[in-house]
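Participant: Before I ask anything, here is the structure I am working with.
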Amino acid sequence: MTDLTVWLGTSIIYVYGKVNDVETTFTLLGGGLWQATVSASEDNSYTIYIEAYSAVGLEEIYETTLYYGFTPPKTDWTAADYETAGDFNRQKSNIEFAATDTLPGLYYFPLHTAIDDLDTADRPTIGILNTLEGNTAGIEACGIPLPGEWGASKTWAYPGTKPNYEDWNRWELNAKLIYDMAVRMRISFRPSGTFAAGQSDILPRRVV
């Protein structure tokens with residue numbers, strides 16, 4: 001299953017939607033974010049149609065296609081946790097997706113160096129860590145307005161401290177921040193269609 005999240009604004013109280021032409025329930029998460037859980041598509045693409053309603057009627061019809069090469073991140077790492085090669089592969093792949101798919105869709109083109117997946121028993125070397133941080137720095141330097149929660153890139157050296165749960169949270173959250181911000185920016189680029197005053201009795205076809 002795949003979670004799809006869209007930002008529709010805090011005035012929206014009802015949503016009718018389809019994903020890949022299938023009627024789908026979107027649930028309000030809060031802060032204007034609505035989420036639907038759908039079956040994973042074979043090509044990781046999801047065509048979304050949404051009718052977003054406020055208390056006065058239809059505020060927006062939103063249609064877009066999301067391409068998901070983005071794996072749900074873990075953003076609650078603690079000092080008691082241990083990172084595996086699979087965790088690192090997710091972190092570097094999500095940053096890669098943000099840099100090579102998400103941001104180019106908004107006409108930002110950060111410098112990025114691909115990192116091969118680690119094998120199960122491998123640990124990232126200093127060189128790999130600095131490549132990952134360089135990819136984060138590439139996003140920082142591409143001109144995109146960075147979210148306030150963004151964690152700045154670092155430089156690693158030997159001998160020295162190793163990445164810990166704070167770094168794992170930073171890598172995971174940075175990619176998520178860019179991805180979520182891109183969804184909001186795509187919506188803000190679209191003109192909204194609204195009903196004229198006096199049509200507040202129009203109801204959505206399905207209330208979430």
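Chain lettering (A, B, ...) mirrors the order of the structure tokens, residue numbering begins at 1 for each chain separately, and ligand numbering begins at 1 in order of display.
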Name the residues in contact with stretch 75-90 of chain A at a cut-off of 10 Å, using only C-alpha atoms, excluding same-chain residues fewer than 3 positions from it; report them as a ChimeraX atom specification.
Facilitator: /A:70-72,93-96,115-124,129,163-174,176
Participant: How would the residues just chosen look if you wrote them out with N, CA and C atoms as a JSON list (two decimals), in the first residue's frame?
Facilitator:
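Writing done, so here's again32.json:
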```
[["chain", "number", "residue", "atom", "x", "y", "z"],
["A", 70, "PHE", "N", 9.60, 7.46, -3.93],
["A", 70, "PHE", "CA", 9.89, 7.95, -2.59],
["A", 70, "PHE", "C", 9.36, 6.95, -1.58],
["A", 71, "THR", "N", 10.25, 6.46, -0.72],
["A", 71, "THR", "CA", 9.87, 5.48, 0.29],
["A", 71, "THR", "C", 9.53, 6.19, 1.59],
["A", 72, "PRO", "N", 8.42, 5.83, 2.23],
["A", 72, "PRO", "CA", 8.08, 6.49, 3.49],
["A", 72, "PRO", "C", 9.26, 6.49, 4.45],
["A", 93, "SER", "N", 18.47, 7.11, -1.22],
["A", 93, "SER", "CA", 17.57, 7.04, -2.37],
["A", 93, "SER", "C", 16.50, 8.11, -2.32],
["A", 94, "ASN", "N", 15.98, 8.42, -1.13],
["A", 94, "ASN", "CA", 14.98, 9.48, -1.00],
["A", 94, "ASN", "C", 15.59, 10.84, -1.31],
["A", 95, "ILE", "N", 16.83, 11.06, -0.87],
["A", 95, "ILE", "CA", 17.50, 12.32, -1.20],
["A", 95, "ILE", "C", 17.73, 12.39, -2.72],
["A", 96, "GLU", "N", 18.09, 11.26, -3.31],
["A", 96, "GLU", "CA", 18.28, 11.23, -4.76],
["A", 96, "GLU", "C", 16.97, 11.54, -5.49],
["A", 115, "ILE", "N", 24.68, 7.23, -5.63],
["A", 115, "ILE", "CA", 25.34, 6.34, -4.67],
["A", 115, "ILE", "C", 24.75, 4.95, -4.85],
["A", 116, "ASP", "N", 25.61, 3.95, -5.03],
["A", 116, "ASP", "CA", 25.14, 2.58, -5.17],
["A", 116, "ASP", "C", 24.56, 2.09, -3.84],
["A", 117, "ASP", "N", 23.60, 1.18, -3.94],
["A", 117, "ASP", "CA", 23.05, 0.56, -2.74],
["A", 117, "ASP", "C", 24.14, -0.20, -1.99],
["A", 118, "LEU", "N", 24.07, -0.13, -0.68],
["A", 118, "LEU", "CA", 24.96, -0.94, 0.16],
["A", 118, "LEU", "C", 24.44, -2.37, 0.23],
["A", 119, "ASP", "N", 25.36, -3.32, 0.28],
["A", 119, "ASP", "CA", 24.98, -4.69, 0.56],
["A", 119, "ASP", "C", 24.59, -4.82, 2.03],
["A", 120, "THR", "N", 23.92, -5.90, 2.35],
["A", 120, "THR", "CA", 23.34, -6.06, 3.69],
["A", 120, "THR", "C", 24.35, -5.86, 4.81],
["A", 121, "ALA", "N", 25.55, -6.36, 4.65],
["A", 121, "ALA", "CA", 26.54, -6.31, 5.74],
["A", 121, "ALA", "C", 27.44, -5.06, 5.67],
["A", 122, "ASP", "N", 27.24, -4.21, 4.69],
["A", 122, "ASP", "CA", 28.11, -3.05, 4.51],
["A", 122, "ASP", "C", 27.72, -1.88, 5.40],
["A", 123, "ARG", "N", 28.71, -1.02, 5.65],
["A", 123, "ARG", "CA", 28.48, 0.24, 6.32],
["A", 123, "ARG", "C", 29.01, 1.35, 5.41],
["A", 124, "PRO", "N", 28.40, 2.52, 5.40],
["A", 124, "PRO", "CA", 28.88, 3.59, 4.52],
["A", 124, "PRO", "C", 30.27, 4.08, 4.91],
["A", 129, "LEU", "N", 29.60, 8.80, 2.87],
["A", 129, "LEU", "CA", 28.92, 9.77, 3.72],
["A", 129, "LEU", "C", 29.06, 11.19, 3.16],
["A", 163, "PRO", "N", 28.07, 9.16, 12.11],
["A", 163, "PRO", "CA", 26.66, 9.58, 12.10],
["A", 163, "PRO", "C", 25.89, 8.87, 13.21],
["A", 164, "ASN", "N", 24.97, 9.61, 13.81],
["A", 164, "ASN", "CA", 24.13, 9.01, 14.83],
["A", 164, "ASN", "C", 22.66, 9.30, 14.50],
["A", 165, "TYR", "N", 21.79, 9.04, 15.46],
["A", 165, "TYR", "CA", 20.36, 9.14, 15.19],
["A", 165, "TYR", "C", 19.94, 10.54, 14.75],
["A", 166, "GLU", "N", 20.66, 11.56, 15.20],
["A", 166, "GLU", "CA", 20.32, 12.92, 14.77],
["A", 166, "GLU", "C", 20.59, 13.10, 13.26],
["A", 167, "ASP", "N", 21.68, 12.50, 12.78],
["A", 167, "ASP", "CA", 21.98, 12.57, 11.35],
["A", 167, "ASP", "C", 20.99, 11.74, 10.55],
["A", 168, "TRP", "N", 20.63, 10.56, 11.05],
["A", 168, "TRP", "CA", 19.66, 9.74, 10.33],
["A", 168, "TRP", "C", 18.32, 10.46, 10.22],
["A", 169, "ASN", "N", 17.89, 11.09, 11.32],
["A", 169, "ASN", "CA", 16.66, 11.88, 11.27],
["A", 169, "ASN", "C", 16.79, 13.04, 10.28],
["A", 170, "ARG", "N", 17.98, 13.67, 10.24],
["A", 170, "ARG", "CA", 18.19, 14.82, 9.35],
["A", 170, "ARG", "C", 18.08, 14.40, 7.89],
["A", 171, "TRP", "N", 18.74, 13.29, 7.52],
["A", 171, "TRP", "CA", 18.67, 12.82, 6.14],
["A", 171, "TRP", "C", 17.24, 12.46, 5.75],
["A", 172, "GLU", "N", 16.56, 11.76, 6.63],
["A", 172, "GLU", "CA", 15.20, 11.31, 6.34],
["A", 172, "GLU", "C", 14.26, 12.52, 6.23],
["A", 173, "LEU", "N", 14.37, 13.44, 7.19],
["A", 173, "LEU", "CA", 13.45, 14.58, 7.23],
["A", 173, "LEU", "C", 13.70, 15.54, 6.08],
["A", 174, "ASN", "N", 14.97, 15.76, 5.71],
["A", 174, "ASN", "CA", 15.26, 16.68, 4.61],
["A", 174, "ASN", "C", 14.57, 16.24, 3.33],
["A", 176, "LYS", "N", 11.96, 14.31, 3.04],
["A", 176, "LYS", "CA", 10.51, 14.42, 3.21],
["A", 176, "LYS", "C", 10.06, 15.87, 3.09]]
```
Participant: Assign secondary structure with DSSP using the backbone only, and return the residues of stretch 36-195 of chain A in alpha helix (DSSP H) as an NGL selection string.
Facilitator: :A and (85-97 or 126-141 or 165-189)
Participant: Please dump the current selection as a compact mmCIF listing (two decimals), in the first residue's frame; keep N, CA and C atoms.
Facilitator:
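Printed below is result_37.txt as written:
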```
# COMPACT_ATOMS: atom_id res chain seq x y z
N ALA A 85 22.01 -1.30 6.65
CA ALA A 85 22.30 -0.92 5.27
C ALA A 85 21.01 -0.56 4.53
N GLY A 86 19.92 -1.27 4.83
CA GLY A 86 18.64 -0.96 4.21
C GLY A 86 18.14 0.43 4.56
N ASP A 87 18.36 0.83 5.82
CA ASP A 87 17.97 2.19 6.23
C ASP A 87 18.77 3.23 5.45
N PHE A 88 20.09 3.01 5.35
CA PHE A 88 20.91 3.98 4.62
C PHE A 88 20.50 4.03 3.15
N ASN A 89 20.21 2.88 2.57
CA ASN A 89 19.79 2.86 1.17
C ASN A 89 18.51 3.68 0.97
N ARG A 90 17.58 3.58 1.91
CA ARG A 90 16.36 4.38 1.83
C ARG A 90 16.68 5.86 1.93
N GLN A 91 17.54 6.22 2.87
CA GLN A 91 17.87 7.63 3.08
C GLN A 91 18.51 8.25 1.84
N LYS A 92 19.53 7.57 1.30
CA LYS A 92 20.23 8.15 0.14
C LYS A 92 19.34 8.13 -1.09
N SER A 93 18.47 7.11 -1.22
CA SER A 93 17.57 7.04 -2.37
C SER A 93 16.50 8.11 -2.32
N ASN A 94 15.98 8.42 -1.13
CA ASN A 94 14.98 9.48 -1.00
C ASN A 94 15.59 10.84 -1.31
N ILE A 95 16.83 11.06 -0.87
CA ILE A 95 17.50 12.32 -1.20
C ILE A 95 17.73 12.39 -2.72
N GLU A 96 18.09 11.26 -3.31
CA GLU A 96 18.28 11.23 -4.76
C GLU A 96 16.97 11.54 -5.49
N PHE A 97 15.87 10.96 -5.00
CA PHE A 97 14.58 11.22 -5.63
C PHE A 97 14.21 12.70 -5.53
N ILE A 126 33.55 6.87 4.74
CA ILE A 126 33.63 8.33 4.84
C ILE A 126 33.32 8.96 3.47
N GLY A 127 33.86 8.35 2.43
CA GLY A 127 33.61 8.88 1.09
C GLY A 127 32.14 8.85 0.72
N ILE A 128 31.45 7.75 1.06
CA ILE A 128 30.02 7.65 0.76
C ILE A 128 29.24 8.67 1.59
N LEU A 129 29.60 8.80 2.87
CA LEU A 129 28.92 9.77 3.72
C LEU A 129 29.06 11.19 3.16
N ASN A 130 30.26 11.54 2.72
CA ASN A 130 30.47 12.88 2.19
C ASN A 130 29.79 13.09 0.84
N THR A 131 29.64 12.00 0.07
CA THR A 131 28.86 12.11 -1.16
C THR A 131 27.40 12.39 -0.85
N LEU A 132 26.87 11.70 0.17
CA LEU A 132 25.50 11.95 0.59
C LEU A 132 25.33 13.39 1.07
N GLU A 133 26.28 13.85 1.89
CA GLU A 133 26.19 15.24 2.38
C GLU A 133 26.35 16.23 1.22
N GLY A 134 27.19 15.87 0.22
CA GLY A 134 27.31 16.73 -0.95
C GLY A 134 26.01 16.82 -1.73
N ASN A 135 25.27 15.72 -1.76
CA ASN A 135 23.97 15.75 -2.43
C ASN A 135 22.97 16.62 -1.67
N THR A 136 23.06 16.60 -0.34
CA THR A 136 22.24 17.50 0.46
C THR A 136 22.64 18.95 0.21
N ALA A 137 23.96 19.19 0.14
CA ALA A 137 24.44 20.54 -0.13
C ALA A 137 24.00 21.02 -1.52
N GLY A 138 23.92 20.08 -2.47
CA GLY A 138 23.45 20.44 -3.80
C GLY A 138 22.03 20.97 -3.79
N ILE A 139 21.19 20.36 -2.96
CA ILE A 139 19.81 20.85 -2.81
C ILE A 139 19.83 22.24 -2.17
N GLU A 140 20.69 22.41 -1.15
CA GLU A 140 20.77 23.71 -0.48
C GLU A 140 21.18 24.83 -1.44
N ALA A 141 22.01 24.49 -2.42
CA ALA A 141 22.58 25.52 -3.30
C ALA A 141 21.79 25.73 -4.59
N TYR A 165 21.79 9.04 15.46
CA TYR A 165 20.36 9.14 15.19
C TYR A 165 19.94 10.54 14.75
N GLU A 166 20.66 11.56 15.20
CA GLU A 166 20.32 12.92 14.77
C GLU A 166 20.59 13.10 13.26
N ASP A 167 21.68 12.50 12.78
CA ASP A 167 21.98 12.57 11.35
C ASP A 167 20.99 11.74 10.55
N TRP A 168 20.63 10.56 11.05
CA TRP A 168 19.66 9.74 10.33
C TRP A 168 18.32 10.46 10.22
N ASN A 169 17.89 11.09 11.32
CA ASN A 169 16.66 11.88 11.27
C ASN A 169 16.79 13.04 10.28
N ARG A 170 17.98 13.67 10.24
CA ARG A 170 18.19 14.82 9.35
C ARG A 170 18.08 14.40 7.89
N TRP A 171 18.74 13.29 7.52
CA TRP A 171 18.67 12.82 6.14
C TRP A 171 17.24 12.46 5.75
N GLU A 172 16.56 11.76 6.63
CA GLU A 172 15.20 11.31 6.34
C GLU A 172 14.26 12.52 6.23
N LEU A 173 14.37 13.44 7.19
CA LEU A 173 13.45 14.58 7.23
C LEU A 173 13.70 15.54 6.08
N ASN A 174 14.97 15.76 5.71
CA ASN A 174 15.26 16.68 4.61
C ASN A 174 14.57 16.24 3.33
N ALA A 175 14.68 14.95 3.01
CA ALA A 175 14.05 14.45 1.80
C ALA A 175 12.53 14.60 1.87
N LYS A 176 11.96 14.31 3.04
CA LYS A 176 10.51 14.42 3.21
C LYS A 176 10.06 15.87 3.09
N LEU A 177 10.83 16.79 3.66
CA LEU A 177 10.47 18.21 3.60
C LEU A 177 10.40 18.69 2.16
N ILE A 178 11.40 18.31 1.36
CA ILE A 178 11.42 18.73 -0.04
C ILE A 178 10.25 18.11 -0.79
N TYR A 179 10.01 16.82 -0.56
CA TYR A 179 8.92 16.15 -1.27
C TYR A 179 7.58 16.78 -0.91
N ASP A 180 7.32 16.98 0.39
CA ASP A 180 6.05 17.55 0.81
C ASP A 180 5.89 18.98 0.32
N MET A 181 6.97 19.76 0.34
CA MET A 181 6.91 21.14 -0.13
C MET A 181 6.60 21.19 -1.62
N ALA A 182 7.16 20.25 -2.39
CA ALA A 182 6.91 20.22 -3.83
C ALA A 182 5.44 19.97 -4.12
N VAL A 183 4.81 19.10 -3.33
CA VAL A 183 3.38 18.84 -3.51
C VAL A 183 2.60 20.13 -3.28
N ARG A 184 2.92 20.88 -2.22
CA ARG A 184 2.21 22.13 -1.94
C ARG A 184 2.45 23.16 -3.04
N MET A 185 3.69 23.23 -3.54
CA MET A 185 4.01 24.21 -4.57
C MET A 185 3.29 23.89 -5.87
N ARG A 186 3.18 22.61 -6.21
CA ARG A 186 2.46 22.26 -7.43
C ARG A 186 1.00 22.69 -7.34
N ILE A 187 0.42 22.51 -6.16
CA ILE A 187 -0.98 22.93 -5.99
C ILE A 187 -1.10 24.44 -6.10
N SER A 188 -0.17 25.19 -5.51
CA SER A 188 -0.26 26.65 -5.51
C SER A 188 -0.10 27.22 -6.90
N PHE A 189 0.55 26.46 -7.80
CA PHE A 189 0.70 26.94 -9.17
C PHE A 189 -0.59 26.86 -9.96
```
Participant: Leaving out A:Leu66 and any residue of its chain fewer than 2 positions from it, which residues lie within 12 Å of it when counting only C-alpha atoms, given as a ChimeraX atom specification?
Facilitator: /A:2-6,19-20,41,43-49,63-64,68-70,101-102,105,179-180,182-183,186-187
Participant: Those same residues, written as a JSON list (two decimals), in the first residue's frame with N, CA and C atoms?
Facilitator:
```json
[["chain", "number", "residue", "atom", "x", "y", "z"],
["A", 2, "THR", "N", 0.34, 2.35, -0.53],
["A", 2, "THR", "CA", 1.08, 3.61, -0.63],
["A", 2, "THR", "C", 0.23, 4.74, -0.06],
["A", 3, "ASP", "N", 0.85, 5.59, 0.74],
["A", 3, "ASP", "CA", 0.17, 6.77, 1.28],
["A", 3, "ASP", "C", 0.44, 7.96, 0.37],
["A", 4, "LEU", "N", -0.62, 8.60, -0.09],
["A", 4, "LEU", "CA", -0.52, 9.80, -0.90],
["A", 4, "LEU", "C", -1.01, 10.98, -0.07],
["A", 5, "THR", "N", -0.22, 12.03, -0.01],
["A", 5, "THR", "CA", -0.56, 13.19, 0.80],
["A", 5, "THR", "C", -0.58, 14.44, -0.08],
["A", 6, "VAL", "N", -1.65, 15.22, 0.05],
["A", 6, "VAL", "CA", -1.75, 16.49, -0.68],
["A", 6, "VAL", "C", -2.15, 17.58, 0.30],
["A", 19, "VAL", "N", -8.13, 8.20, -7.39],
["A", 19, "VAL", "CA", -6.73, 7.93, -7.67],
["A", 19, "VAL", "C", -6.69, 6.83, -8.72],
["A", 20, "ASN", "N", -6.05, 7.13, -9.85],
["A", 20, "ASN", "CA", -6.02, 6.20, -10.98],
["A", 20, "ASN", "C", -7.43, 5.75, -11.35],
["A", 41, "SER", "N", 0.94, 1.11, -7.34],
["A", 41, "SER", "CA", 0.86, 0.92, -8.78],
["A", 41, "SER", "C", 2.17, 0.34, -9.29],
["A", 43, "ASP", "N", 3.97, 1.15, -11.86],
["A", 43, "ASP", "CA", 4.96, 2.12, -12.34],
["A", 43, "ASP", "C", 5.19, 3.26, -11.37],
["A", 44, "ASN", "N", 4.65, 3.14, -10.13],
["A", 44, "ASN", "CA", 4.82, 4.16, -9.10],
["A", 44, "ASN", "C", 4.24, 5.50, -9.50],
["A", 45, "SER", "N", 3.24, 5.52, -10.39],
["A", 45, "SER", "CA", 2.58, 6.77, -10.76],
["A", 45, "SER", "C", 1.13, 6.73, -10.31],
["A", 46, "TYR", "N", 0.63, 7.89, -9.87],
["A", 46, "TYR", "CA", -0.71, 7.97, -9.32],
["A", 46, "TYR", "C", -1.38, 9.23, -9.86],
["A", 47, "THR", "N", -2.41, 9.04, -10.68],
["A", 47, "THR", "CA", -3.16, 10.16, -11.23],
["A", 47, "THR", "C", -4.27, 10.51, -10.25],
["A", 48, "ILE", "N", -4.21, 11.74, -9.75],
["A", 48, "ILE", "CA", -5.12, 12.18, -8.69],
["A", 48, "ILE", "C", -6.11, 13.20, -9.23],
["A", 49, "TYR", "N", -7.39, 12.99, -8.91],
["A", 49, "TYR", "CA", -8.45, 13.97, -9.17],
["A", 49, "TYR", "C", -9.12, 14.27, -7.85],
["A", 63, "GLU", "N", -6.05, 18.31, -10.27],
["A", 63, "GLU", "CA", -5.69, 17.13, -11.04],
["A", 63, "GLU", "C", -4.19, 17.12, -11.27],
["A", 64, "THR", "N", -3.55, 16.02, -10.94],
["A", 64, "THR", "CA", -2.11, 15.91, -11.17],
["A", 64, "THR", "C", -1.72, 14.44, -11.17],
["A", 68, "TYR", "N", 5.99, 8.30, -7.70],
["A", 68, "TYR", "CA", 6.55, 7.94, -6.41],
["A", 68, "TYR", "C", 7.73, 7.00, -6.57],
["A", 69, "GLY", "N", 8.92, 7.54, -6.34],
["A", 69, "GLY", "CA", 10.07, 6.70, -6.14],
["A", 69, "GLY", "C", 10.53, 6.99, -4.72],
["A", 70, "PHE", "N", 9.60, 7.46, -3.93],
["A", 70, "PHE", "CA", 9.89, 7.95, -2.59],
["A", 70, "PHE", "C", 9.36, 6.95, -1.58],
["A", 101, "ASP", "N", 14.18, 14.02, -9.28],
["A", 101, "ASP", "CA", 12.81, 13.91, -9.78],
["A", 101, "ASP", "C", 11.93, 15.04, -9.25],
["A", 102, "THR", "N", 11.90, 15.21, -7.93],
["A", 102, "THR", "CA", 11.00, 16.18, -7.33],
["A", 102, "THR", "C", 11.36, 17.61, -7.71],
["A", 105, "GLY", "N", 11.04, 18.87, -11.35],
["A", 105, "GLY", "CA", 9.65, 19.14, -11.69],
["A", 105, "GLY", "C", 9.22, 20.55, -11.34],
["A", 179, "TYR", "N", 10.01, 16.82, -0.56],
["A", 179, "TYR", "CA", 8.92, 16.15, -1.27],
["A", 179, "TYR", "C", 7.58, 16.78, -0.91],
["A", 180, "ASP", "N", 7.32, 16.98, 0.39],
["A", 180, "ASP", "CA", 6.05, 17.55, 0.81],
["A", 180, "ASP", "C", 5.89, 18.98, 0.32],
["A", 182, "ALA", "N", 7.16, 20.25, -2.39],
["A", 182, "ALA", "CA", 6.91, 20.22, -3.83],
["A", 182, "ALA", "C", 5.44, 19.97, -4.12],
["A", 183, "VAL", "N", 4.81, 19.10, -3.33],
["A", 183, "VAL", "CA", 3.38, 18.84, -3.51],
["A", 183, "VAL", "C", 2.60, 20.13, -3.28],
["A", 186, "ARG", "N", 3.18, 22.61, -6.21],
["A", 186, "ARG", "CA", 2.46, 22.26, -7.43],
["A", 186, "ARG", "C", 1.00, 22.69, -7.34],
["A", 187, "ILE", "N", 0.42, 22.51, -6.16],
["A", 187, "ILE", "CA", -0.98, 22.93, -5.99],
["A", 187, "ILE", "C", -1.10, 24.44, -6.10]]
```
Participant: Can you check which residues of stretch 45-152 of chain A DSSP gives as strand (DSSP E or B) on the backbone and send them as a ChimeraX atom specification?
Facilitator: /A:45-54,57-67
Participant: What does the distance between atom CA of A:Thr24 and atom CA of A:Val38 come to in Å, to one decimal place?
Facilitator: 7.7 Å
Participant: From the options A:Gly143, A:Thr161, A:Leu58, A:Pro73, which residue's atoms come nearest to A:Leu106, counting only C-alpha atoms?
Facilitator: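 Smallest separation from A:Leu106 among the options: A:Gly143.
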Participant: Of the candidates A:Thr25, A:Thr155, A:Thr125, A:Thr100, which one gets nearest to A:Cys142 if we count only C-alpha atoms?
Facilitator: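 Checking each of A:Thr25, A:Thr155, A:Thr125, A:Thr100 against A:Cys142, counting only C-alpha atoms, the winner is A:Thr100.
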Participant: Please indicate the distance in Å from atom CA of A:Thr27 to atom CA of A:Lys74, rounded to one decimal place.
Facilitator: 21.2 Å
Participant: Determine the nearest neighbour of A:Trp7 from the options A:Leu33, A:Leu103, A:Leu28, A:Val22, counting only C-alpha atoms.
Facilitator: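 Going through A:Leu33, A:Leu103, A:Leu28, A:Val22 one by one, the smallest distance to A:Trp7 is for A:Leu33.
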Participant: Atom CA of A:Ser54 and atom CA of A:Trp34 are how many Å apart?
Facilitator: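 If I compute the distance from atom CA of A:Ser54 to atom CA of A:Trp34, I get 13.6 Å.
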